[in-house]
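Trainee: Below you'll find the structure I mean.
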Amino acid sequence: MSKAANAKAQVVRILISAGKAAPTPPVGPALGARGVKSMDFCKEFNARTAHIEPGIPTPTLITIQPDRSFTFITKTPPTSYFLKKAAGIDKGTGRPGHDFVGTVSLKHVYEIAKIKATDEHLKHLRLEAIASTIIGTARTLGVQVVP
């Protein structure tokens with residue numbers, strides 16, 4: 001049996017800044033190693049994320065077919081990105097549960113939950129369930145959730 005006959009699609013997960021994909025690491029090596037022209041991906045990704053504020057981290061799932069063609073889906077930015085932005089902090093605490101570096105209101109948590117609910121893998125969950133995971137992420141970052 002030839003190598004191509006039993007090959008199947010590969011999925012690559014990368015966090016790329018919206019509108020700023022370039023064939024440099026992490027994009028170039030991840031795709032180049034699988035035989036995909038990273039420049040083609042970068043052009044398409046930047047065009048598809050043009051409506052998003054440049055620089056926002058965008059989780060991307062790239063599915064590479066055995067013939068080296070690819071498709072990709074973008075997801076909403078990570079919860080920690082939204083929490084840090086809402087709390088006005090640059091990074092989380094080194095001691096989660098002990099030190100608090102910022103606060104967000106429950107209203108912020110539900111706003112983030114509404115954005116995250118548009119992601120394919122979270123569509124089946126209730127808004128409360130998504131909000132509770134966001135509160136857990138906030139706790140890990142050292143961000144206090146206040147009513």
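Following the order of the structure tokens, first chain is A, next is B, and so on, with residues numbered from 1 inside each chain and ligands from 1 in the order they appear.
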For A:Leu83, find every residue with an atom within 10 Å (counting only C-alpha atoms), except residues of its own chain fewer than 6 positions away, and show them as a PyMOL selection string.
Mentor: chain A and resi 89+92+102-104+108-109+112+134-135+137-138+141+143
Trainee: Mind checking which residues fall within 9 Å of A:Thr24, counting only C-alpha atoms, ignoring those fewer than 4 positions away in the same chain, and posting them as number ranges by chain?
Mentor: A: 28-29, 38
Trainee: Hey, which of A:Asp90, A:Phe82, A:Leu61, A:Ala129 ends up closest to A:Ile115? Count only C-alpha atoms.
Mentor: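 Closest to A:Ile115 of all the choices is A:Phe82.
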Trainee: Which neighbours of stretch 39-47 of chain A fall inside 9 Å, counting only C-alpha atoms, when residues of the same chain fewer than 2 positions from it are skipped, and could you give them as a PyMOL selection string?
Mentor: chain A and resi 18-23+27-28+31+36-37+49-51+70-72+74
